[in-house]
>>> print(open('run.txt').read())   # compact mmCIF, C-alpha atoms
# COMPACT_ATOMS: atom_id res chain seq x y z
CA MET A 1 -12.43 31.71 41.41
CA ILE A 2 -9.71 29.61 39.74
CA CYS A 3 -8.09 32.73 38.27
CA LYS A 4 -8.02 34.36 41.70
CA LEU A 5 -6.54 31.21 43.22
CA LEU A 6 -3.74 31.09 40.64
CA ARG A 7 -3.11 34.81 41.08
CA ALA A 8 -2.81 34.29 44.79
CA ILE A 9 -0.28 31.52 44.34
CA MET A 10 1.78 33.47 41.82
CA THR A 11 1.91 36.51 44.12
CA ARG A 12 3.25 34.34 46.93
CA GLY A 13 0.15 34.71 48.99
CA THR A 14 -1.46 32.27 51.38
CA VAL A 15 -4.89 31.12 50.31
CA VAL A 16 -7.99 30.92 52.46
CA LEU A 17 -11.27 29.67 51.01
CA LYS A 18 -14.39 30.77 52.83
CA GLU A 19 -17.94 29.84 51.85
CA VAL A 20 -20.21 32.88 51.86
CA THR A 21 -23.38 31.36 50.41
CA PRO A 22 -23.67 27.55 50.56
CA GLY A 23 -22.52 26.04 47.28
CA LYS A 24 -22.20 29.36 45.44
CA ARG A 25 -19.48 31.86 46.31
CA PHE A 26 -16.07 31.87 47.91
CA LEU A 27 -13.79 34.59 49.22
CA ILE A 28 -10.05 34.31 48.70
CA ARG A 29 -7.81 36.11 51.11
CA THR A 30 -4.11 36.35 50.62
CA GLY A 31 -1.37 37.10 53.02
CA SER A 32 2.36 37.25 52.83
CA MET A 33 4.43 34.10 52.56
CA PRO A 34 8.16 33.77 52.96
CA ARG A 35 9.92 33.54 49.58
CA ILE A 36 11.54 30.15 50.31
CA ALA A 37 8.28 28.63 51.55
CA PHE A 38 6.52 29.89 48.44
CA ARG A 39 9.12 28.36 46.13
CA VAL A 40 8.95 25.03 47.94
CA LYS A 41 5.16 24.92 47.67
CA LEU A 42 5.28 25.95 44.03
CA LEU A 43 7.83 23.23 43.31
CA ILE A 44 5.69 20.62 45.06
CA PHE A 45 2.59 21.77 43.18
CA PHE A 46 4.17 21.47 39.72
CA THR A 47 5.97 18.22 40.60
CA VAL A 48 2.73 16.58 41.68
CA PHE A 49 0.93 17.98 38.63
CA PHE A 50 3.46 16.69 36.07
CA LEU A 51 3.81 13.33 37.83
CA GLY A 52 0.05 12.99 37.65
CA VAL A 53 0.04 13.76 33.92
CA ILE A 54 2.84 11.23 33.29
CA ILE A 55 1.12 8.52 35.33
CA LEU A 56 -2.22 9.08 33.60
CA HIS A 57 -0.52 8.92 30.20
CA TYR A 58 1.52 5.83 31.05
CA LEU A 59 -1.40 3.92 32.52
CA ASP A 60 -3.69 5.09 29.70
CA ILE A 61 -6.60 5.49 32.07
CA LEU A 62 -9.10 6.32 29.32
CA GLY A 63 -8.19 3.14 27.48
CA VAL A 64 -8.50 1.12 30.67
CA ILE A 65 -11.99 2.53 31.29
CA HIS A 66 -13.20 1.62 27.79
CA THR A 67 -11.61 -1.84 27.95
CA ILE A 68 -12.97 -2.72 31.39
CA ASN A 69 -16.39 -1.39 30.41
CA TYR A 70 -16.44 -3.74 27.40
CA LEU A 71 -15.25 -6.73 29.44
CA MET A 72 -17.88 -6.10 32.13
CA HIS A 73 -20.80 -5.76 29.71
CA ARG A 74 -20.11 -8.75 27.49
CA GLN A 75 -22.66 -11.52 27.39
CA GLN A 76 -21.80 -14.63 29.40
CA ASP A 77 -21.46 -16.76 26.28
CA ASP A 78 -19.09 -14.30 24.60
CA THR A 79 -15.56 -15.47 23.77
CA THR A 80 -12.53 -14.35 25.72
CA VAL A 81 -10.40 -11.46 24.50
CA LEU A 82 -6.97 -11.26 22.86
CA CYS A 83 -5.56 -7.74 22.84
CA PRO A 84 -2.44 -7.12 20.69
CA ARG A 85 -0.09 -4.45 22.01
CA PHE A 86 0.89 -2.57 18.87
CA ALA A 87 4.37 -1.11 18.48
CA GLY A 88 6.72 -0.10 15.68
CA GLY A 89 6.23 0.92 12.06
CA LEU A 90 3.47 -0.01 9.64
CA GLY A 91 5.03 -3.34 8.66
CA ASN A 92 5.43 -4.26 12.34
CA LEU A 93 1.82 -3.35 13.06
CA MET A 94 0.58 -5.52 10.20
CA PHE A 95 2.53 -8.51 11.47
CA GLN A 96 1.21 -8.01 15.00
CA TYR A 97 -2.39 -7.79 13.84
CA ALA A 98 -2.16 -10.66 11.34
CA SER A 99 -0.53 -13.00 13.85
CA ALA A 100 -2.89 -12.06 16.68
CA TYR A 101 -5.84 -12.53 14.31
CA GLY A 102 -4.57 -15.99 13.31
CA ILE A 103 -4.03 -17.03 16.92
CA ALA A 104 -7.42 -15.66 17.98
CA LYS A 105 -9.14 -17.59 15.19
CA ASN A 106 -7.46 -20.82 16.25
CA LYS A 107 -8.57 -20.33 19.84
CA ASN A 108 -12.01 -18.83 19.17
CA MET A 109 -11.09 -15.56 20.86
CA THR A 110 -12.08 -11.97 20.08
CA LEU A 111 -9.56 -9.30 19.11
CA LEU A 112 -9.75 -5.87 20.74
CA VAL A 113 -8.56 -2.99 18.56
CA ASP A 114 -8.26 0.73 19.24
CA ALA A 115 -10.37 2.83 16.87
CA GLU A 116 -7.52 5.34 16.64
CA SER A 117 -4.91 2.76 15.67
CA GLU A 118 -3.19 3.29 12.33
CA LEU A 119 -4.36 -0.07 11.01
CA ASN A 120 -7.99 0.80 11.68
CA GLN A 121 -7.52 4.07 9.82
CA LEU A 122 -6.00 2.40 6.76
CA PHE A 123 -7.85 -0.92 6.53
CA SER A 124 -11.20 -2.52 7.33
CA ILE A 125 -9.83 -4.87 9.96
CA SER A 126 -11.85 -7.35 11.98
CA GLY A 127 -12.34 -7.30 15.74
CA VAL A 128 -14.13 -5.35 18.43
CA ILE A 129 -13.26 -1.71 17.75
CA LEU A 130 -13.36 0.43 20.88
CA PRO A 131 -12.86 4.22 21.12
CA HIS A 132 -9.74 3.54 23.13
CA VAL A 133 -8.02 0.32 24.24
CA ALA A 134 -5.51 -0.42 27.00
CA CYS A 135 -4.91 -4.00 28.13
CA TRP A 136 -1.82 -3.73 30.31
CA PHE A 137 -3.79 -4.99 33.32
CA LEU A 138 -4.55 -8.33 31.58
CA LYS A 139 -2.32 -11.39 31.68
CA THR A 140 0.44 -10.88 29.12
CA ILE A 141 1.77 -13.33 26.54
CA THR A 142 5.19 -12.23 25.28
CA ASP A 143 6.70 -13.45 22.01
CA SER A 144 10.40 -14.04 22.67
CA ARG A 145 11.66 -14.34 19.04
CA SER A 146 10.52 -11.49 16.85
CA CYS A 147 11.21 -13.10 13.44
CA ALA A 148 10.44 -16.77 14.05
CA PHE A 149 7.47 -18.98 14.83
CA ASN A 150 7.39 -19.87 18.52
CA LYS A 151 5.01 -22.65 19.61
CA ASP A 152 5.21 -21.46 23.21
CA THR A 153 3.61 -18.17 22.15
CA THR A 154 0.43 -20.02 21.19
CA ASN A 155 0.55 -22.50 24.08
CA PHE A 156 -2.04 -20.92 26.36
CA SER A 157 -5.62 -21.61 27.39
CA ALA A 158 -8.38 -19.45 25.92
CA ASP A 159 -10.23 -19.47 29.25
CA HIS A 160 -8.81 -16.06 30.15
CA ASN A 161 -8.40 -12.64 28.57
CA TYR A 162 -4.87 -11.83 27.41
CA GLN A 163 -2.70 -9.04 26.15
CA MET A 164 -0.28 -10.18 23.40
CA GLN A 165 3.11 -8.49 23.28
CA GLY A 166 5.88 -8.86 20.71
CA TYR A 167 6.47 -8.46 16.98
CA LEU A 168 5.18 -11.94 15.96
CA GLN A 169 6.85 -11.73 12.55
CA SER A 170 6.21 -15.15 11.08
CA TRP A 171 3.76 -16.14 8.36
CA GLN A 172 3.15 -19.39 10.22
CA TYR A 173 0.99 -17.58 12.76
CA PHE A 174 -1.54 -16.57 10.11
CA HIS A 175 -1.15 -18.65 6.94
CA HIS A 176 -4.44 -20.47 7.74
CA VAL A 177 -6.37 -17.17 7.65
CA GLU A 178 -4.58 -15.67 4.64
CA PRO A 179 -7.74 -15.22 2.49
CA ALA A 180 -9.44 -13.25 5.27
CA LEU A 181 -6.37 -11.08 5.80
CA ARG A 182 -6.13 -10.31 2.08
CA ARG A 183 -9.72 -9.07 2.18
CA MET A 184 -9.01 -6.93 5.24
CA PHE A 185 -5.68 -5.48 4.09
CA LYS A 186 -7.28 -3.43 1.32
CA PHE A 187 -6.27 0.21 1.66
CA GLU A 188 -8.94 2.82 2.20
CA ALA A 189 -10.15 4.65 -0.90
CA ALA A 190 -8.03 7.83 -0.67
CA VAL A 191 -4.78 5.84 -0.38
CA ARG A 192 -5.71 3.53 -3.26
CA GLU A 193 -6.65 6.45 -5.49
CA LYS A 194 -3.37 8.21 -4.79
CA ALA A 195 -1.37 5.07 -5.57
CA GLU A 196 -3.35 4.52 -8.77
CA SER A 197 -2.73 8.09 -9.92
CA ILE A 198 1.04 7.64 -9.46
CA LEU A 199 0.90 4.36 -11.34
CA LYS A 200 -1.02 5.98 -14.18
CA HIS A 201 1.42 8.90 -14.40
CA ALA A 202 4.39 6.53 -14.47
CA ILE A 203 2.85 4.58 -17.32
CA GLU A 204 2.23 7.76 -19.31
CA VAL A 205 5.82 8.95 -18.81
CA HIS A 206 7.24 5.58 -19.75
CA GLN A 207 5.08 5.15 -22.84
CA LYS A 208 6.22 8.52 -24.17
CA GLN A 209 9.75 7.11 -24.14
CA VAL A 210 9.21 3.57 -25.40
CA GLY A 211 5.76 3.59 -26.97
CA SER A 212 2.42 2.13 -26.00
CA GLN A 213 3.05 -1.41 -24.80
CA ALA A 214 1.74 -3.72 -22.10
CA LEU A 215 3.94 -3.54 -19.03
CA THR A 216 4.94 -5.78 -16.14
CA PHE A 217 5.37 -3.80 -12.92
CA ILE A 218 8.18 -4.71 -10.50
CA ALA A 219 8.31 -3.02 -7.10
CA ILE A 220 11.76 -2.46 -5.58
CA HIS A 221 11.79 -1.60 -1.89
CA ILE A 222 15.19 -0.35 -0.72
CA ARG A 223 15.67 0.19 2.99
CA ARG A 224 18.80 2.07 3.93
CA GLY A 225 18.64 5.25 6.04
CA ASP A 226 18.12 4.10 9.63
CA ILE A 227 19.76 0.68 9.22
CA THR A 228 23.03 2.28 8.10
CA THR A 229 23.47 3.85 11.56
CA ASP A 230 26.01 2.33 13.96
CA ARG A 231 23.30 1.44 16.47
CA LEU A 232 21.29 -0.73 14.07
CA LYS A 233 24.37 -2.15 12.36
CA ASN A 234 25.65 -3.26 15.77
CA TYR A 235 22.24 -4.79 16.47
CA GLY A 236 22.69 -6.89 13.35
CA TYR A 237 21.04 -5.21 10.36
CA ASN A 238 22.72 -5.81 7.02
CA THR A 239 22.20 -3.39 4.15
CA ALA A 240 21.40 -5.00 0.81
CA SER A 241 24.22 -4.36 -1.63
CA LEU A 242 23.91 -2.56 -4.94
CA ASP A 243 25.09 -5.77 -6.66
CA TYR A 244 22.15 -7.65 -5.12
CA ILE A 245 19.63 -5.09 -6.37
CA ARG A 246 21.09 -5.13 -9.87
CA ARG A 247 21.11 -8.95 -9.96
CA ALA A 248 17.48 -9.04 -8.84
CA MET A 249 16.54 -6.53 -11.53
CA GLN A 250 18.42 -8.59 -14.10
CA TYR A 251 16.58 -11.71 -12.93
CA PHE A 252 13.19 -10.16 -13.68
CA SER A 253 14.41 -8.55 -16.90
CA GLU A 254 15.32 -11.98 -18.24
CA ARG A 255 11.95 -13.48 -17.27
CA TYR A 256 9.61 -10.71 -18.40
CA HIS A 257 9.55 -8.27 -21.29
CA ARG A 258 8.57 -4.60 -21.19
CA ILE A 259 9.23 -4.12 -17.47
CA LEU A 260 8.71 -0.95 -15.45
CA PHE A 261 10.48 -0.84 -12.07
CA PHE A 262 9.02 1.25 -9.23
CA VAL A 263 11.58 2.25 -6.59
CA CYS A 264 10.37 3.08 -3.06
CA THR A 265 13.09 3.88 -0.56
CA ASN A 266 14.07 5.88 2.51
CA ASP A 267 17.30 6.87 0.76
CA MET A 268 16.23 8.32 -2.59
CA GLU A 269 19.53 10.14 -3.10
CA TRP A 270 21.43 6.83 -3.02
CA ALA A 271 18.90 5.11 -5.29
CA LYS A 272 19.04 7.83 -7.93
CA ARG A 273 22.84 7.90 -7.83
CA TYR A 274 23.28 4.18 -8.50
CA LEU A 275 20.13 3.04 -10.31
CA TYR A 276 19.66 4.55 -13.72
CA SER A 277 17.55 3.22 -16.55
CA LYS A 278 14.68 4.37 -18.74
CA ASN A 279 12.44 1.75 -17.19
CA ILE A 280 12.80 2.93 -13.58
CA TYR A 281 10.28 5.20 -11.90
CA PHE A 282 11.26 6.73 -8.56
CA VAL A 283 8.34 7.15 -6.16
CA GLU A 284 9.13 10.32 -4.25
CA ASN A 285 7.61 12.39 -1.43
CA GLN A 286 4.74 10.06 -0.62
CA THR A 287 3.43 8.76 2.68
CA ARG A 288 4.45 5.26 3.66
CA GLU A 289 0.92 3.94 3.16
CA VAL A 290 0.85 5.28 -0.41
CA ASP A 291 4.25 3.67 -1.08
CA LEU A 292 2.95 0.37 0.27
CA ALA A 293 -0.30 0.58 -1.69
CA LEU A 294 1.59 1.29 -4.90
CA MET A 295 3.98 -1.63 -4.39
CA ALA A 296 1.00 -3.85 -3.60
CA SER A 297 -0.39 -2.92 -7.04
CA CYS A 298 2.72 -4.24 -8.80
CA ASN A 299 3.01 -7.68 -10.34
CA HIS A 300 6.24 -8.76 -8.62
CA THR A 301 8.60 -7.59 -5.88
CA ILE A 302 12.27 -7.12 -5.04
CA MET A 303 12.80 -6.91 -1.27
CA THR A 304 15.85 -5.74 0.64
CA VAL A 305 15.49 -5.62 4.44
CA GLY A 306 12.60 -5.07 6.83
CA SER A 307 8.94 -5.82 7.47
CA PHE A 308 7.70 -2.98 5.23
CA GLY A 309 9.16 -4.61 2.13
CA TRP A 310 7.91 -7.99 3.37
CA TRP A 311 4.30 -6.76 3.34
CA ALA A 312 4.75 -5.09 -0.05
CA ALA A 313 5.70 -8.53 -1.40
CA TRP A 314 2.90 -10.34 0.43
CA LEU A 315 0.25 -7.88 -0.75
CA ALA A 316 1.40 -7.96 -4.38
CA ASN A 317 1.27 -11.77 -4.21
CA GLY A 318 3.49 -12.27 -7.23
CA GLU A 319 7.02 -13.53 -7.67
CA VAL A 320 9.35 -12.32 -4.91
CA VAL A 321 13.14 -12.03 -4.71
CA TYR A 322 14.54 -11.27 -1.25
CA TYR A 323 17.96 -10.47 0.18
CA ARG A 324 19.29 -13.73 1.63
CA TYR A 325 21.11 -12.36 4.68
CA PRO A 326 19.24 -9.42 6.25
CA ALA A 327 20.97 -10.05 9.61
CA SER A 328 24.67 -10.44 10.34
CA ARG A 329 25.90 -13.77 11.70
CA GLY A 330 25.97 -14.06 15.51
CA SER A 331 24.09 -10.77 16.05
CA VAL A 332 21.12 -10.15 18.32
CA LEU A 333 18.93 -9.71 15.26
CA ARG A 334 20.09 -12.99 13.67
CA LYS A 335 19.12 -14.89 16.83
CA ALA A 336 15.56 -13.60 16.41
CA PHE A 337 15.22 -15.71 13.21
CA SER A 338 14.95 -19.46 12.83
CA LYS A 339 17.94 -21.41 11.51
CA GLU A 340 17.20 -20.99 7.81
CA MET A 341 14.88 -18.00 8.23
CA THR A 342 12.05 -20.08 6.76
CA ASP A 343 9.68 -18.98 9.54
CA TYR A 344 10.04 -15.43 8.25
CA PHE A 345 10.34 -15.74 4.46
CA TYR A 346 7.71 -17.62 2.51
CA PRO A 347 9.04 -20.93 1.08
CA LYS A 348 7.99 -19.96 -2.46
CA TRP A 349 10.00 -16.71 -2.35
CA LYS A 350 13.43 -16.72 -3.98
CA PRO A 351 16.56 -15.83 -1.95
CA MET A 352 19.43 -14.04 -3.67
CA LEU A 353 22.74 -12.48 -2.65
>>> encode(input="run.txt", output="structure tokens")
Amino acid sequence: MICKLLRAIMTRGTVVLKEVTPGKRFLIRTGSMPRIAFRVKLLIFFTVFFLGVIILHYLDILGVIHTINYLMHRQQDDTTVLCPRFAGGLGNLMFQYASAYGIAKNKNMTLLVDAESELNQLFSISGVILPHVACWFLKTITDSRSCAFNKDTTNFSADHNYQMQGYLQSWQYFHHVEPALRRMFKFEAAVREKAESILKHAIEVHQKQVGSQALTFIAIHIRRGDITTDRLKNYGYNTASLDYIRRAMQYFSERYHRILFFVCTNDMEWAKRYLYSKNIYFVENQTREVDLALMASCNHTIMTVGSFGWWAAWLANGEVVYYRYPASRGSVLRKAFSKEMTDYFYPKWKPML
């Protein structure tokens, strides 16, 4: 019947549905329709159809159904819900989850997490995992400074369910639950095994050149690529200089012997052009989670700019050197940080220019 209906529309016919046997069969009769009237009706049909698809996608109706169903069937003594609205890259997602988890723990709330979220695919995170989550209809708490701790963000009553929106990029939101987060942020087996195989290969290559010796691994994360565009430079992103990277490498070379540097970057051509040494291994053509897992396996870290490198340093949990001025003075991005950027960078990490 549907095929006949579509055929009738496409042949510019009028459509009449007539029930022959109750609930079973229909006749479709077509007649002529003026060309203009047909085009108008066809335009209306497709406009309504595509608007419906867009609205359903935007409102995430399936997620709303799963979320409301969970909220309605909770026990009366269950805690209220905090639902982080995830956005951005992997480093952003980790900040949003870690901060929401820390806030939820402080307020005895339950986190809602989408089963299809990237974090749930990579880690064994804590929270109520639903097939699909959408919390836009809940009261929203918005973090106004993406790279600083904001007391107002946590100044709410846990008597209601909330959606949490913003990047929440400050260790102060979650430092009290750090041990739990370190247990959760263990990569799933396939990612770990891939990172370990790269590490093993790098060691074999290096030992062929310098002999079998114990090594200290230093991860270098270099973000260039996107932040070298005019749009992000105007927003306030600074690109770490080559001099900074070389000074940071020299710093570790003076403190440790038999070092092997692992370079992960979104601008490998630049890195290979300017960084050359027998004790450098370039990690190429890997997924971002494998890059992050490999850097997490290193002893120490050299950061440049961005949340991805931040989490590489946090996961490795060794000595960290970071680029002192990731945001240009007076820019929109700089205003997102606290005065000395201490809300963002750990106090024990070492700044360098």
>>> closest_residue(input="run.txt", among="A:Gln207, A:Thr342, A:Ser253, A:Thr79", to="A:Met109", atoms="all atoms listed in the file")
A:Thr79
>>> closest_residue(input="run.txt", among="A:Trp171, A:Tyr325, A:Tyr70, A:Tyr237", to="A:Tyr346", atoms="only C-alpha atoms")
A:Trp171
>>> atom_distance(input="run.txt", atom1="atom CA of A:Gln286", atom2="atom CA of A:Trp314")
20.5 Å
>>> closest_atom_pairs(input="run.txt", of="stretch 61-134 of chain A", to="stretch 140-154 of chain A", cutoff="12 Å", atoms="only C-alpha atoms", output="Markdown table")
| residue | atom | partner | partner_atom | distance |
| --- | --- | --- | --- | --- |
| A:Val81 | CA | A:Thr140 | CA | 11.8 |
| A:Leu82 | CA | A:Ile141 | CA | 9.7 |
| A:Cys83 | CA | A:Thr140 | CA | 9.2 |
| A:Pro84 | CA | A:Ile141 | CA | 9.5 |
| A:Arg85 | CA | A:Thr140 | CA | 9.6 |
| A:Asn92 | CA | A:Ser146 | CA | 9.9 |
| A:Phe95 | CA | A:Cys147 | CA | 10.0 |
| A:Gln96 | CA | A:Ser146 | CA | 10.1 |
| A:Ser99 | CA | A:Phe149 | CA | 10.0 |
| A:Ala100 | CA | A:Thr154 | CA | 9.7 |
| A:Tyr101 | CA | A:Thr154 | CA | 11.9 |
| A:Gly102 | CA | A:Thr154 | CA | 10.2 |
| A:Ile103 | CA | A:Thr154 | CA | 6.9 |
| A:Ala104 | CA | A:Thr154 | CA | 9.5 |
| A:Lys105 | CA | A:Thr154 | CA | 11.6 |
| A:Asn106 | CA | A:Thr154 | CA | 9.3 |
| A:Lys107 | CA | A:Thr154 | CA | 9.1 |
>>> write_last_selection(input="run.txt", atoms="C-alpha atoms", output="PDB file, keeping the file's coordinate frame")
ATOM      1  CA  VAL A  81     -10.400 -11.460  24.500  1.00  0.00           C
ATOM      2  CA  LEU A  82      -6.970 -11.260  22.860  1.00  0.00           C
ATOM      3  CA  CYS A  83      -5.560  -7.740  22.840  1.00  0.00           C
ATOM      4  CA  PRO A  84      -2.440  -7.120  20.690  1.00  0.00           C
ATOM      5  CA  ARG A  85      -0.090  -4.450  22.010  1.00  0.00           C
ATOM      6  CA  ASN A  92       5.430  -4.260  12.340  1.00  0.00           C
ATOM      7  CA  PHE A  95       2.530  -8.510  11.470  1.00  0.00           C
ATOM      8  CA  GLN A  96       1.210  -8.010  15.000  1.00  0.00           C
ATOM      9  CA  SER A  99      -0.530 -13.000  13.850  1.00  0.00           C
ATOM     10  CA  ALA A 100      -2.890 -12.060  16.680  1.00  0.00           C
ATOM     11  CA  TYR A 101      -5.840 -12.530  14.310  1.00  0.00           C
ATOM     12  CA  GLY A 102      -4.570 -15.990  13.310  1.00  0.00           C
ATOM     13  CA  ILE A 103      -4.030 -17.030  16.920  1.00  0.00           C
ATOM     14  CA  ALA A 104      -7.420 -15.660  17.980  1.00  0.00           C
ATOM     15  CA  LYS A 105      -9.140 -17.590  15.190  1.00  0.00           C
ATOM     16  CA  ASN A 106      -7.460 -20.820  16.250  1.00  0.00           C
ATOM     17  CA  LYS A 107      -8.570 -20.330  19.840  1.00  0.00           C
TER      18      LYS A 107
END
>>> atom_distance(input="run.txt", atom1="atom CA of A:Asn299", atom2="atom CA of A:Tyr251")
14.4 Å
>>> closest_residue(input="run.txt", among="A:Arg183, A:Arg273, A:Lys139, A:His201", to="A:Ser157", atoms="all atoms listed in the file")
A:Lys139
>>> residues_around(input="run.txt", residues="A:Gly63", least_positions_apart="3", cutoff="6 Å", atoms="only C-alpha atoms", output="VMD selection string")
chain A and resid 60 66 132 to 134
>>> residues_near_point(input="run.txt", point="(14.7, -13.8, 11.7)", cutoff="12 Å", atoms="all atoms listed in the file", output="ChimeraX atom specification")
/A:144-150,167-171,236-237,305-307,324-345
>>> closest_residue(input="run.txt", among="A:Gly89, A:Asp230, A:Tyr97, A:Thr80", to="A:Met184", atoms="all atoms listed in the file")
A:Tyr97
>>> residues_around(input="run.txt", residues="A:Trp270", least_positions_apart="6", cutoff="10 Å", atoms="all atoms listed in the file", output="PyMOL selection string")
chain A and resi 222+224-225+242
>>> atom_distance(input="run.txt", atom1="atom CA of A:Asp159", atom2="atom CA of A:Asn108")
10.3 Å
>>> axis_aligned_box(input="run.txt", around="stretch 165-183 of chain A", padding_each_side="4 Å", output="AutoDock Vina command-line options")
--center_x -1.4 --center_y -14.5 --center_z 12.7 --size_x 24.6 --size_y 20.0 --size_z 29.2
